[in-house]
>>> print(open('start22.cif').read())   # mmCIF, N, CA and C atoms
data_target
loop_
_atom_site.label_atom_id
_atom_site.label_comp_id
_atom_site.auth_asym_id
_atom_site.auth_seq_id
_atom_site.Cartn_x
_atom_site.Cartn_y
_atom_site.Cartn_z
N MET A 8 0.84 -1.18 0.00
CA MET A 8 0.00 0.00 0.00
C MET A 8 0.88 1.24 0.00
N VAL A 9 0.61 2.18 -0.87
CA VAL A 9 1.37 3.41 -0.98
C VAL A 9 0.52 4.56 -0.46
N ALA A 10 1.13 5.43 0.32
CA ALA A 10 0.40 6.57 0.88
C ALA A 10 0.14 7.61 -0.20
N SER A 11 -0.90 8.39 -0.01
CA SER A 11 -1.20 9.45 -0.96
C SER A 11 -0.34 10.68 -0.74
N GLY A 12 0.19 10.84 0.44
CA GLY A 12 1.03 11.99 0.74
C GLY A 12 1.68 11.84 2.10
N PRO A 13 2.69 12.66 2.36
CA PRO A 13 3.37 12.57 3.67
C PRO A 13 2.50 13.10 4.80
N LEU A 14 2.78 12.61 6.00
CA LEU A 14 2.12 13.08 7.21
C LEU A 14 2.55 14.52 7.50
N VAL A 15 3.84 14.80 7.34
CA VAL A 15 4.43 16.11 7.56
C VAL A 15 5.43 16.35 6.45
N ALA A 16 5.51 17.57 5.94
CA ALA A 16 6.52 17.91 4.93
C ALA A 16 6.92 19.38 5.12
N PHE A 17 8.21 19.65 4.94
CA PHE A 17 8.67 21.04 5.03
C PHE A 17 9.98 21.21 4.28
N LEU A 18 10.32 22.44 3.99
CA LEU A 18 11.58 22.84 3.38
C LEU A 18 12.12 23.95 4.26
N ALA A 19 13.32 23.75 4.83
CA ALA A 19 13.86 24.74 5.76
C ALA A 19 15.38 24.68 5.81
N LYS A 20 15.98 25.80 6.14
CA LYS A 20 17.42 25.83 6.40
C LYS A 20 17.61 25.36 7.83
N ILE A 21 18.45 24.35 8.01
CA ILE A 21 18.68 23.75 9.33
C ILE A 21 20.06 24.21 9.82
N GLU A 22 20.06 25.22 10.68
CA GLU A 22 21.26 25.94 11.08
C GLU A 22 22.42 25.04 11.51
N HIS A 23 22.19 24.09 12.37
CA HIS A 23 23.29 23.26 12.89
C HIS A 23 23.47 21.94 12.15
N GLY A 24 22.71 21.72 11.09
CA GLY A 24 22.88 20.52 10.28
C GLY A 24 22.44 19.24 10.96
N CYS A 25 21.40 19.33 11.80
CA CYS A 25 20.88 18.12 12.44
C CYS A 25 19.40 18.29 12.73
N LEU A 26 18.69 17.16 12.68
CA LEU A 26 17.29 17.12 13.07
C LEU A 26 17.13 16.15 14.23
N ILE A 27 16.17 16.41 15.08
CA ILE A 27 15.89 15.59 16.25
C ILE A 27 14.45 15.08 16.13
N LEU A 28 14.28 13.78 16.28
CA LEU A 28 12.96 13.16 16.32
C LEU A 28 12.83 12.52 17.69
N GLN A 29 11.74 12.84 18.39
CA GLN A 29 11.60 12.31 19.74
C GLN A 29 10.15 12.21 20.17
N ASP A 30 9.95 11.36 21.16
CA ASP A 30 8.67 11.27 21.83
C ASP A 30 8.39 12.65 22.43
N ALA A 31 7.14 13.10 22.36
CA ALA A 31 6.79 14.43 22.86
C ALA A 31 7.12 14.62 24.33
N ARG A 32 7.14 13.55 25.11
CA ARG A 32 7.45 13.64 26.54
C ARG A 32 8.90 13.32 26.87
N SER A 33 9.69 13.02 25.86
CA SER A 33 11.07 12.60 26.10
C SER A 33 11.93 13.71 26.67
N GLU A 34 12.72 13.35 27.64
CA GLU A 34 13.72 14.27 28.20
C GLU A 34 15.11 13.66 28.01
N ASP A 35 15.20 12.67 27.11
CA ASP A 35 16.49 12.02 26.86
C ASP A 35 17.45 13.01 26.20
N ASP A 36 18.70 12.92 26.58
CA ASP A 36 19.73 13.85 26.14
C ASP A 36 20.51 13.25 24.97
N VAL A 37 20.51 13.92 23.83
CA VAL A 37 21.27 13.46 22.68
C VAL A 37 22.54 14.28 22.46
N SER A 38 22.93 15.07 23.47
CA SER A 38 24.11 15.93 23.32
C SER A 38 25.43 15.15 23.29
N ASP A 39 25.40 13.86 23.62
CA ASP A 39 26.62 13.04 23.54
C ASP A 39 26.96 12.65 22.10
N TRP A 40 26.08 12.94 21.18
CA TRP A 40 26.29 12.57 19.77
C TRP A 40 27.54 13.23 19.21
N ASP A 41 28.35 12.44 18.52
CA ASP A 41 29.53 12.94 17.83
C ASP A 41 29.29 12.78 16.33
N PRO A 42 28.90 13.83 15.62
CA PRO A 42 28.59 13.72 14.20
C PRO A 42 29.77 13.33 13.33
N THR A 43 30.99 13.45 13.85
CA THR A 43 32.16 13.04 13.07
C THR A 43 32.35 11.53 13.08
N SER A 44 31.73 10.84 14.04
CA SER A 44 31.89 9.38 14.10
C SER A 44 30.66 8.61 13.64
N SER A 45 29.49 9.26 13.63
CA SER A 45 28.26 8.59 13.21
C SER A 45 27.26 9.61 12.68
N SER A 46 26.49 9.23 11.68
CA SER A 46 25.52 10.16 11.10
C SER A 46 24.25 10.27 11.94
N TRP A 47 24.13 9.45 12.99
CA TRP A 47 22.95 9.50 13.85
C TRP A 47 23.28 8.94 15.23
N TYR A 48 22.38 9.23 16.18
CA TYR A 48 22.56 8.79 17.57
C TYR A 48 21.18 8.70 18.21
N ARG A 49 20.98 7.66 19.03
CA ARG A 49 19.70 7.49 19.72
C ARG A 49 19.93 7.32 21.20
N GLU A 50 19.07 7.94 21.98
CA GLU A 50 19.06 7.77 23.44
C GLU A 50 17.61 7.69 23.86
N GLY A 51 17.16 6.48 24.26
CA GLY A 51 15.79 6.29 24.72
C GLY A 51 14.76 6.71 23.69
N GLY A 52 13.98 7.74 24.02
CA GLY A 52 12.91 8.22 23.14
C GLY A 52 13.32 9.38 22.26
N SER A 53 14.62 9.58 22.07
CA SER A 53 15.10 10.69 21.22
C SER A 53 16.18 10.20 20.28
N LEU A 54 16.16 10.73 19.06
CA LEU A 54 17.27 10.46 18.15
C LEU A 54 17.61 11.73 17.39
N ILE A 55 18.87 11.83 17.01
CA ILE A 55 19.38 12.98 16.29
C ILE A 55 20.13 12.46 15.08
N PHE A 56 20.04 13.18 13.95
CA PHE A 56 20.74 12.74 12.76
C PHE A 56 21.17 13.93 11.91
N SER A 57 22.19 13.69 11.08
CA SER A 57 22.78 14.73 10.24
C SER A 57 21.93 15.04 9.02
N VAL A 58 21.88 16.31 8.69
CA VAL A 58 21.33 16.79 7.43
C VAL A 58 22.27 17.90 6.94
N GLN A 59 22.02 18.39 5.78
CA GLN A 59 22.80 19.49 5.23
C GLN A 59 22.67 20.73 6.12
N ALA A 60 23.78 21.39 6.39
CA ALA A 60 23.75 22.61 7.20
C ALA A 60 23.08 23.75 6.45
N GLY A 61 22.44 24.64 7.18
CA GLY A 61 21.71 25.75 6.59
C GLY A 61 22.54 26.63 5.68
N VAL A 62 23.84 26.77 5.94
CA VAL A 62 24.69 27.60 5.08
C VAL A 62 24.84 26.99 3.68
N ASP A 63 24.58 25.69 3.56
CA ASP A 63 24.69 25.01 2.26
C ASP A 63 23.37 24.94 1.52
N GLY A 64 22.30 25.38 2.16
CA GLY A 64 20.99 25.39 1.52
C GLY A 64 19.94 24.72 2.37
N PRO A 65 18.69 24.75 1.90
CA PRO A 65 17.59 24.17 2.67
C PRO A 65 17.56 22.65 2.59
N VAL A 66 16.84 22.06 3.53
CA VAL A 66 16.61 20.61 3.58
C VAL A 66 15.12 20.39 3.34
N GLU A 67 14.83 19.46 2.46
CA GLU A 67 13.45 19.06 2.19
C GLU A 67 13.19 17.79 3.01
N CYS A 68 12.19 17.82 3.86
CA CYS A 68 11.93 16.69 4.76
C CYS A 68 10.47 16.26 4.67
N GLU A 69 10.27 14.94 4.68
CA GLU A 69 8.93 14.35 4.67
C GLU A 69 8.88 13.26 5.73
N VAL A 70 7.73 13.15 6.38
CA VAL A 70 7.49 12.08 7.35
C VAL A 70 6.33 11.24 6.81
N TRP A 71 6.54 9.93 6.73
CA TRP A 71 5.56 9.01 6.15
C TRP A 71 5.19 7.92 7.14
N LYS A 72 3.92 7.51 7.13
CA LYS A 72 3.47 6.35 7.90
C LYS A 72 3.29 5.13 7.01
N SER A 73 3.44 5.30 5.71
CA SER A 73 3.46 4.19 4.76
C SER A 73 4.43 4.59 3.65
N PRO A 74 4.95 3.63 2.91
CA PRO A 74 6.00 3.93 1.93
C PRO A 74 5.56 4.94 0.87
N PRO A 75 6.42 5.92 0.57
CA PRO A 75 6.11 6.85 -0.51
C PRO A 75 6.25 6.15 -1.86
N SER A 76 5.65 6.72 -2.89
CA SER A 76 5.72 6.10 -4.22
C SER A 76 7.15 6.12 -4.76
N THR A 77 7.93 7.13 -4.41
CA THR A 77 9.33 7.21 -4.82
C THR A 77 10.20 7.35 -3.58
N MET A 78 11.02 6.34 -3.33
CA MET A 78 11.91 6.36 -2.17
C MET A 78 13.25 6.98 -2.54
N LEU A 79 13.84 7.70 -1.61
CA LEU A 79 15.18 8.21 -1.80
C LEU A 79 16.17 7.04 -1.81
N PRO A 80 17.34 7.20 -2.44
CA PRO A 80 18.23 6.07 -2.71
C PRO A 80 19.02 5.49 -1.54
N ALA A 81 19.31 6.26 -0.50
CA ALA A 81 20.21 5.78 0.56
C ALA A 81 19.51 5.69 1.91
N ASN A 82 19.73 4.58 2.61
CA ASN A 82 19.20 4.40 3.97
C ASN A 82 20.24 4.92 4.95
N LEU A 83 19.94 6.03 5.62
CA LEU A 83 20.87 6.61 6.59
C LEU A 83 20.93 5.75 7.85
N PHE A 84 19.76 5.26 8.30
CA PHE A 84 19.70 4.34 9.43
C PHE A 84 18.30 3.81 9.59
N GLU A 85 18.19 2.75 10.38
CA GLU A 85 16.90 2.19 10.79
C GLU A 85 17.05 1.78 12.24
N THR A 86 16.11 2.18 13.07
CA THR A 86 16.18 1.87 14.49
C THR A 86 14.78 1.88 15.09
N SER A 87 14.69 1.50 16.33
CA SER A 87 13.45 1.54 17.07
C SER A 87 13.52 2.73 18.02
N LEU A 88 12.41 3.45 18.13
CA LEU A 88 12.34 4.63 18.97
C LEU A 88 11.21 4.46 19.96
N LEU A 89 11.45 4.72 21.23
CA LEU A 89 10.41 4.63 22.26
C LEU A 89 9.47 5.83 22.15
N CYS A 90 8.16 5.57 22.17
CA CYS A 90 7.17 6.65 22.05
C CYS A 90 6.00 6.34 22.99
N SER A 91 6.16 6.63 24.26
CA SER A 91 5.12 6.31 25.24
C SER A 91 3.91 7.25 25.16
N SER A 92 4.11 8.47 24.67
CA SER A 92 3.02 9.45 24.63
C SER A 92 2.09 9.27 23.43
N GLY A 93 2.56 8.61 22.38
CA GLY A 93 1.78 8.50 21.15
C GLY A 93 1.96 9.70 20.23
N TRP A 94 2.78 10.68 20.65
CA TRP A 94 3.06 11.87 19.85
C TRP A 94 4.56 11.97 19.61
N LEU A 95 4.93 12.32 18.39
CA LEU A 95 6.34 12.54 18.05
C LEU A 95 6.55 14.01 17.71
N VAL A 96 7.76 14.48 17.97
CA VAL A 96 8.15 15.84 17.64
C VAL A 96 9.39 15.77 16.77
N LEU A 97 9.38 16.49 15.66
CA LEU A 97 10.53 16.61 14.78
C LEU A 97 10.95 18.07 14.82
N HIS A 98 12.22 18.33 15.18
CA HIS A 98 12.67 19.72 15.29
C HIS A 98 14.16 19.83 15.05
N ASP A 99 14.62 21.05 14.84
CA ASP A 99 16.05 21.31 14.75
C ASP A 99 16.56 21.67 16.14
N ALA A 100 17.86 21.82 16.28
CA ALA A 100 18.46 22.07 17.59
C ALA A 100 18.01 23.39 18.22
N ASN A 101 17.66 24.37 17.41
CA ASN A 101 17.23 25.68 17.92
C ASN A 101 15.71 25.81 18.04
N ASP A 102 14.97 24.79 17.62
CA ASP A 102 13.50 24.83 17.59
C ASP A 102 12.96 25.89 16.63
N TYR A 103 13.75 26.24 15.60
CA TYR A 103 13.22 27.12 14.55
C TYR A 103 12.21 26.35 13.72
N VAL A 104 12.49 25.08 13.51
CA VAL A 104 11.57 24.17 12.84
C VAL A 104 11.07 23.21 13.91
N ARG A 105 9.75 23.11 14.07
CA ARG A 105 9.19 22.22 15.09
C ARG A 105 7.82 21.73 14.63
N MET A 106 7.71 20.43 14.45
CA MET A 106 6.47 19.80 14.02
C MET A 106 6.10 18.73 15.05
N GLN A 107 4.86 18.70 15.48
CA GLN A 107 4.38 17.65 16.38
C GLN A 107 3.25 16.93 15.68
N PHE A 108 3.28 15.60 15.74
CA PHE A 108 2.28 14.81 15.04
C PHE A 108 2.06 13.50 15.77
N MET A 109 0.92 12.87 15.48
CA MET A 109 0.61 11.58 16.11
C MET A 109 1.58 10.54 15.59
N GLY A 110 2.12 9.78 16.52
CA GLY A 110 3.03 8.71 16.16
C GLY A 110 2.37 7.37 16.44
N PHE A 111 3.08 6.52 17.08
CA PHE A 111 2.59 5.21 17.47
C PHE A 111 2.91 5.05 18.95
N ARG A 112 2.15 4.24 19.64
CA ARG A 112 2.45 3.96 21.05
C ARG A 112 3.56 2.93 21.15
N ASP A 113 4.32 3.02 22.20
CA ASP A 113 5.41 2.09 22.51
C ASP A 113 6.56 2.25 21.53
N ALA A 114 7.01 1.16 20.91
CA ALA A 114 8.18 1.23 20.03
C ALA A 114 7.76 1.56 18.60
N VAL A 115 8.47 2.51 18.00
CA VAL A 115 8.22 2.93 16.63
C VAL A 115 9.44 2.55 15.79
N LYS A 116 9.19 1.86 14.69
CA LYS A 116 10.27 1.57 13.75
C LYS A 116 10.50 2.85 12.95
N CYS A 117 11.72 3.32 12.90
CA CYS A 117 12.05 4.56 12.23
C CYS A 117 13.18 4.31 11.24
N SER A 118 12.90 4.54 9.96
CA SER A 118 13.91 4.46 8.91
C SER A 118 14.06 5.84 8.31
N VAL A 119 15.30 6.24 8.05
CA VAL A 119 15.54 7.53 7.43
C VAL A 119 16.25 7.30 6.10
N MET A 120 15.58 7.70 5.03
CA MET A 120 16.11 7.61 3.68
C MET A 120 16.56 9.00 3.26
N VAL A 121 17.69 9.07 2.53
CA VAL A 121 18.26 10.37 2.14
C VAL A 121 18.75 10.34 0.69
N ASP A 122 18.95 11.52 0.15
CA ASP A 122 19.48 11.62 -1.21
C ASP A 122 21.00 11.50 -1.23
N ASP A 123 21.66 11.87 -0.13
CA ASP A 123 23.13 11.84 -0.03
C ASP A 123 23.50 11.51 1.42
N PRO A 124 24.15 10.37 1.67
CA PRO A 124 24.47 9.99 3.06
C PRO A 124 25.41 10.94 3.79
N GLN A 125 26.22 11.70 3.07
CA GLN A 125 27.16 12.63 3.71
C GLN A 125 26.51 13.97 4.08
N PHE A 126 25.75 14.55 3.13
CA PHE A 126 25.13 15.85 3.32
C PHE A 126 23.70 15.83 2.78
N PRO A 127 22.78 15.17 3.49
CA PRO A 127 21.41 15.04 2.99
C PRO A 127 20.70 16.39 2.82
N SER A 128 20.18 16.62 1.62
CA SER A 128 19.34 17.80 1.40
C SER A 128 17.88 17.39 1.22
N LYS A 129 17.66 16.08 1.07
CA LYS A 129 16.30 15.52 1.03
C LYS A 129 16.26 14.34 1.99
N VAL A 130 15.21 14.32 2.81
CA VAL A 130 15.07 13.31 3.86
C VAL A 130 13.65 12.77 3.86
N GLN A 131 13.54 11.45 3.93
CA GLN A 131 12.24 10.81 4.14
C GLN A 131 12.33 10.01 5.43
N ILE A 132 11.48 10.33 6.39
CA ILE A 132 11.41 9.59 7.64
C ILE A 132 10.22 8.65 7.53
N LEU A 133 10.48 7.35 7.60
CA LEU A 133 9.42 6.33 7.47
C LEU A 133 9.15 5.75 8.85
N LEU A 134 7.92 5.84 9.29
CA LEU A 134 7.53 5.37 10.62
C LEU A 134 6.59 4.18 10.50
N GLY A 135 6.74 3.24 11.41
CA GLY A 135 5.85 2.08 11.42
C GLY A 135 5.87 1.42 12.78
N VAL A 136 4.98 0.47 12.96
CA VAL A 136 4.93 -0.27 14.21
C VAL A 136 6.15 -1.19 14.24
N ASP A 137 6.91 -1.13 15.32
CA ASP A 137 8.11 -1.96 15.44
C ASP A 137 7.73 -3.43 15.45
N GLY A 138 8.50 -4.22 14.71
CA GLY A 138 8.26 -5.66 14.66
C GLY A 138 7.36 -6.08 13.52
N LYS A 139 6.93 -5.13 12.67
CA LYS A 139 6.07 -5.47 11.54
C LYS A 139 6.65 -4.96 10.25
#
>>> encode(input="start22.cif", output="structure tokens")
Amino acid sequence: MVASGPLVAFLAKIEHGCLILQDARSEDDVSDWDPTSSSWYREGGSLIFSVQAGVDGPVECEVWKSPPSTMLPANLFETSLLCSSGWLVLHDANDYVRMQFMGFRDAVKCSVMVDDPQFPSKVQILLGVDGK
């Protein structure tokens, strides 16, 4: 089954070159992330990942609950994210970009597809029930 459109979509300059996806109630700290050693990092109900820095141009981002008709070519990562509240928040480090949307309860399977694994300017976040 293919979705008719993304749950959330935006185009924005991301000042620090990272996006954070987390449970709306999460207080997990992702500041231990070292972007020089890994393109992403997860701590409990929060994860952070690299995107193109704002000085290099805007990032196009989409959040999907079912596969888009055209997938981006590279899988940046796939992991499970804790979501006890049923709501997810996607934001940049400064909260200039902040989207809150219904997620899934408990564990959420999260895959991030990108156009370029080094400096993603297009991102698709695919969400699903973990284990399915």
>>> closest_residue(input="start22.cif", among="A:Ser53, A:Leu14, A:Trp47, A:Asp99", to="A:Asp35", atoms="only C-alpha atoms")
A:Ser53
>>> atom_distance(input="start22.cif", atom1="atom CA of A:Arg112", atom2="atom C of A:Val58")
28.0 Å
>>> resolve_selection(input="start22.cif", expression="the PyMOL selection byres ((chain A and resi 106) around 5)", output="PyMOL selection string")
chain A and resi 96-97+104-105+107-108
>>> write_last_selection(input="start22.cif", atoms="N, CA and C atoms", output="PDB file, keeping the file's coordinate frame")
ATOM      1  N   VAL A  96       7.760  14.480  17.970  1.00  0.00           N
ATOM      2  CA  VAL A  96       8.150  15.840  17.640  1.00  0.00           C
ATOM      3  C   VAL A  96       9.390  15.770  16.770  1.00  0.00           C
ATOM      4  N   LEU A  97       9.380  16.490  15.660  1.00  0.00           N
ATOM      5  CA  LEU A  97      10.530  16.610  14.780  1.00  0.00           C
ATOM      6  C   LEU A  97      10.950  18.070  14.820  1.00  0.00           C
ATOM      7  N   VAL A 104      12.490  25.080  13.510  1.00  0.00           N
ATOM      8  CA  VAL A 104      11.570  24.170  12.840  1.00  0.00           C
ATOM      9  C   VAL A 104      11.070  23.210  13.910  1.00  0.00           C
ATOM     10  N   ARG A 105       9.750  23.110  14.070  1.00  0.00           N
ATOM     11  CA  ARG A 105       9.190  22.220  15.090  1.00  0.00           C
ATOM     12  C   ARG A 105       7.820  21.730  14.630  1.00  0.00           C
ATOM     13  N   GLN A 107       4.860  18.700  15.480  1.00  0.00           N
ATOM     14  CA  GLN A 107       4.380  17.650  16.380  1.00  0.00           C
ATOM     15  C   GLN A 107       3.250  16.930  15.680  1.00  0.00           C
ATOM     16  N   PHE A 108       3.280  15.600  15.740  1.00  0.00           N
ATOM     17  CA  PHE A 108       2.280  14.810  15.040  1.00  0.00           C
ATOM     18  C   PHE A 108       2.060  13.500  15.770  1.00  0.00           C
TER      19      PHE A 108
END
>>> resolve_selection(input="start22.cif", expression="the PyMOL selection byres ((chain A and resi 113) around 8)", output="list in words")
Ser87, Leu88, Leu89, Cys90, Ser91, Ser92, Gly93, Trp94, Gly110, Phe111, Arg112, Ala114, Val115, Lys116, Val136 and Asp137 of chain A
>>> resolve_selection(input="start22.cif", expression="the PyMOL selection byres ((chain A and resi 69) around 7)", output="count of residues only")
14
>>> select_by_dssp(input="start22.cif", residues="stretch 49-91 of chain A", states="strand (DSSP E)", output="list in words")
Arg49, Glu50, Ser53, Leu54, Ile55, Phe56, Ser57, Val66, Glu67, Cys68, Glu69, Val70, Trp71, Ala81, Asn82, Leu83, Phe84, Glu85, Thr86, Ser87, Leu88, Leu89 and Cys90 of chain A
>>> residues_around(input="start22.cif", residues="A:Pro80", least_positions_apart="2", cutoff="7 Å", atoms="all atoms listed in the file", output="PyMOL selection string")
chain A and resi 78+82+120-123
>>> residues_around(input="start22.cif", residues="A:Ser11", least_positions_apart="2", cutoff="12 Å", atoms="only C-alpha atoms", output="MDAnalysis selection string")
chainID A and resid 8:9 13:14 71:77
>>> atom_distance(input="start22.cif", atom1="atom CA of A:Gln59", atom2="atom CA of A:His98")
14.3 Å
>>> atom_distance(input="start22.cif", atom1="atom CA of A:Ser38", atom2="atom CA of A:Gly24")
13.9 Å
>>> closest_residue(input="start22.cif", among="A:Ser45, A:Arg32, A:Leu134, A:Ile21", to="A:Asp63", atoms="all atoms listed in the file")
A:Ile21
>>> axis_aligned_box(input="start22.cif", around="stretch 127-131 of chain A", padding_each_side="3 Å", output="AutoDock Vina command-line options")
--center_x 17.5 --center_y 13.9 --center_z 3.2 --size_x 16.5 --size_y 13.8 --size_z 10.4
>>> closest_residue(input="start22.cif", among="A:Ser46, A:Leu28, A:Ser33, A:Lys20", to="A:Val62", atoms="all atoms listed in the file")
A:Lys20
>>> closest_residue(input="start22.cif", among="A:Met109, A:Phe126, A:Gly135, A:Ala19", to="A:Pro42", atoms="only C-alpha atoms")
A:Phe126
>>> closest_residue(input="start22.cif", among="A:Leu18, A:Asp30, A:Thr43, A:His23", to="A:Asn101", atoms="only N, CA and C atoms")
A:His23
>>> closest_residue(input="start22.cif", among="A:Glu85, A:Glu50, A:Asp36, A:Glu22", to="A:Ala100", atoms="only C-alpha atoms")
A:Glu22
>>> build_atoms(input="start22.cif", residues="stretch 97-105 of chain A", atoms="all heavy atoms", output="PDB file, in the coordinates of the input")
ATOM      1  N   LEU A  97       9.380  16.490  15.660  1.00  0.00           N
ATOM      2  CA  LEU A  97      10.530  16.610  14.780  1.00  0.00           C
ATOM      3  C   LEU A  97      10.950  18.070  14.820  1.00  0.00           C
ATOM      4  O   LEU A  97      10.127  18.956  14.568  1.00  0.00           O
ATOM      5  CB  LEU A  97      10.164  16.192  13.352  1.00  0.00           C
ATOM      6  CG  LEU A  97      11.241  16.337  12.291  1.00  0.00           C
ATOM      7  CD1 LEU A  97      12.424  15.408  12.587  1.00  0.00           C
ATOM      8  CD2 LEU A  97      10.673  16.037  10.909  1.00  0.00           C
ATOM      9  N   HIS A  98      12.220  18.330  15.180  1.00  0.00           N
ATOM     10  CA  HIS A  98      12.670  19.720  15.290  1.00  0.00           C
ATOM     11  C   HIS A  98      14.160  19.830  15.050  1.00  0.00           C
ATOM     12  O   HIS A  98      14.885  18.828  15.061  1.00  0.00           O
ATOM     13  CB  HIS A  98      12.280  20.297  16.658  1.00  0.00           C
ATOM     14  CG  HIS A  98      12.894  19.595  17.827  1.00  0.00           C
ATOM     15  ND1 HIS A  98      14.005  20.084  18.483  1.00  0.00           N
ATOM     16  CD2 HIS A  98      12.552  18.453  18.460  1.00  0.00           C
ATOM     17  CE1 HIS A  98      14.309  19.258  19.487  1.00  0.00           C
ATOM     18  NE2 HIS A  98      13.448  18.270  19.497  1.00  0.00           N
ATOM     19  N   ASP A  99      14.620  21.050  14.840  1.00  0.00           N
ATOM     20  CA  ASP A  99      16.050  21.310  14.750  1.00  0.00           C
ATOM     21  C   ASP A  99      16.560  21.670  16.140  1.00  0.00           C
ATOM     22  O   ASP A  99      15.763  21.814  17.082  1.00  0.00           O
ATOM     23  CB  ASP A  99      16.334  22.397  13.715  1.00  0.00           C
ATOM     24  CG  ASP A  99      15.867  23.771  14.154  1.00  0.00           C
ATOM     25  OD1 ASP A  99      14.811  23.869  14.810  1.00  0.00           O
ATOM     26  OD2 ASP A  99      16.553  24.753  13.853  1.00  0.00           O
ATOM     27  N   ALA A 100      17.860  21.820  16.280  1.00  0.00           N
ATOM     28  CA  ALA A 100      18.460  22.070  17.590  1.00  0.00           C
ATOM     29  C   ALA A 100      18.010  23.390  18.220  1.00  0.00           C
ATOM     30  O   ALA A 100      17.988  23.513  19.448  1.00  0.00           O
ATOM     31  CB  ALA A 100      19.985  22.036  17.474  1.00  0.00           C
ATOM     32  N   ASN A 101      17.660  24.370  17.410  1.00  0.00           N
ATOM     33  CA  ASN A 101      17.230  25.680  17.920  1.00  0.00           C
ATOM     34  C   ASN A 101      15.710  25.810  18.040  1.00  0.00           C
ATOM     35  O   ASN A 101      15.218  26.853  18.448  1.00  0.00           O
ATOM     36  CB  ASN A 101      17.736  26.809  17.027  1.00  0.00           C
ATOM     37  CG  ASN A 101      19.227  26.972  17.112  1.00  0.00           C
ATOM     38  OD1 ASN A 101      19.850  26.582  18.086  1.00  0.00           O
ATOM     39  ND2 ASN A 101      19.816  27.539  16.077  1.00  0.00           N
ATOM     40  N   ASP A 102      14.970  24.790  17.620  1.00  0.00           N
ATOM     41  CA  ASP A 102      13.500  24.830  17.590  1.00  0.00           C
ATOM     42  C   ASP A 102      12.960  25.890  16.630  1.00  0.00           C
ATOM     43  O   ASP A 102      11.858  26.388  16.804  1.00  0.00           O
ATOM     44  CB  ASP A 102      12.895  25.035  18.977  1.00  0.00           C
ATOM     45  CG  ASP A 102      12.640  23.710  19.685  1.00  0.00           C
ATOM     46  OD1 ASP A 102      12.646  22.665  19.025  1.00  0.00           O
ATOM     47  OD2 ASP A 102      12.424  23.745  20.908  1.00  0.00           O
ATOM     48  N   TYR A 103      13.750  26.240  15.600  1.00  0.00           N
ATOM     49  CA  TYR A 103      13.220  27.120  14.550  1.00  0.00           C
ATOM     50  C   TYR A 103      12.210  26.350  13.720  1.00  0.00           C
ATOM     51  O   TYR A 103      11.236  26.905  13.240  1.00  0.00           O
ATOM     52  CB  TYR A 103      14.333  27.648  13.647  1.00  0.00           C
ATOM     53  CG  TYR A 103      15.320  28.555  14.350  1.00  0.00           C
ATOM     54  CD1 TYR A 103      16.647  28.597  13.951  1.00  0.00           C
ATOM     55  CD2 TYR A 103      14.942  29.381  15.407  1.00  0.00           C
ATOM     56  CE1 TYR A 103      17.564  29.425  14.577  1.00  0.00           C
ATOM     57  CE2 TYR A 103      15.850  30.198  16.044  1.00  0.00           C
ATOM     58  CZ  TYR A 103      17.168  30.226  15.621  1.00  0.00           C
ATOM     59  OH  TYR A 103      18.068  31.037  16.249  1.00  0.00           O
ATOM     60  N   VAL A 104      12.490  25.080  13.510  1.00  0.00           N
ATOM     61  CA  VAL A 104      11.570  24.170  12.840  1.00  0.00           C
ATOM     62  C   VAL A 104      11.070  23.210  13.910  1.00  0.00           C
ATOM     63  O   VAL A 104      11.869  22.589  14.620  1.00  0.00           O
ATOM     64  CB  VAL A 104      12.292  23.359  11.736  1.00  0.00           C
ATOM     65  CG1 VAL A 104      11.375  22.303  11.163  1.00  0.00           C
ATOM     66  CG2 VAL A 104      12.824  24.272  10.661  1.00  0.00           C
ATOM     67  N   ARG A 105       9.750  23.110  14.070  1.00  0.00           N
ATOM     68  CA  ARG A 105       9.190  22.220  15.090  1.00  0.00           C
ATOM     69  C   ARG A 105       7.820  21.730  14.630  1.00  0.00           C
ATOM     70  O   ARG A 105       6.915  22.541  14.437  1.00  0.00           O
ATOM     71  CB  ARG A 105       9.087  22.914  16.440  1.00  0.00           C
ATOM     72  CG  ARG A 105       8.629  22.003  17.553  1.00  0.00           C
ATOM     73  CD  ARG A 105       8.627  22.722  18.896  1.00  0.00           C
ATOM     74  NE  ARG A 105       8.249  21.842  19.961  1.00  0.00           N
ATOM     75  CZ  ARG A 105       9.063  21.023  20.629  1.00  0.00           C
ATOM     76  NH1 ARG A 105      10.335  20.989  20.315  1.00  0.00           N
ATOM     77  NH2 ARG A 105       8.618  20.254  21.590  1.00  0.00           N
TER      78      ARG A 105
END
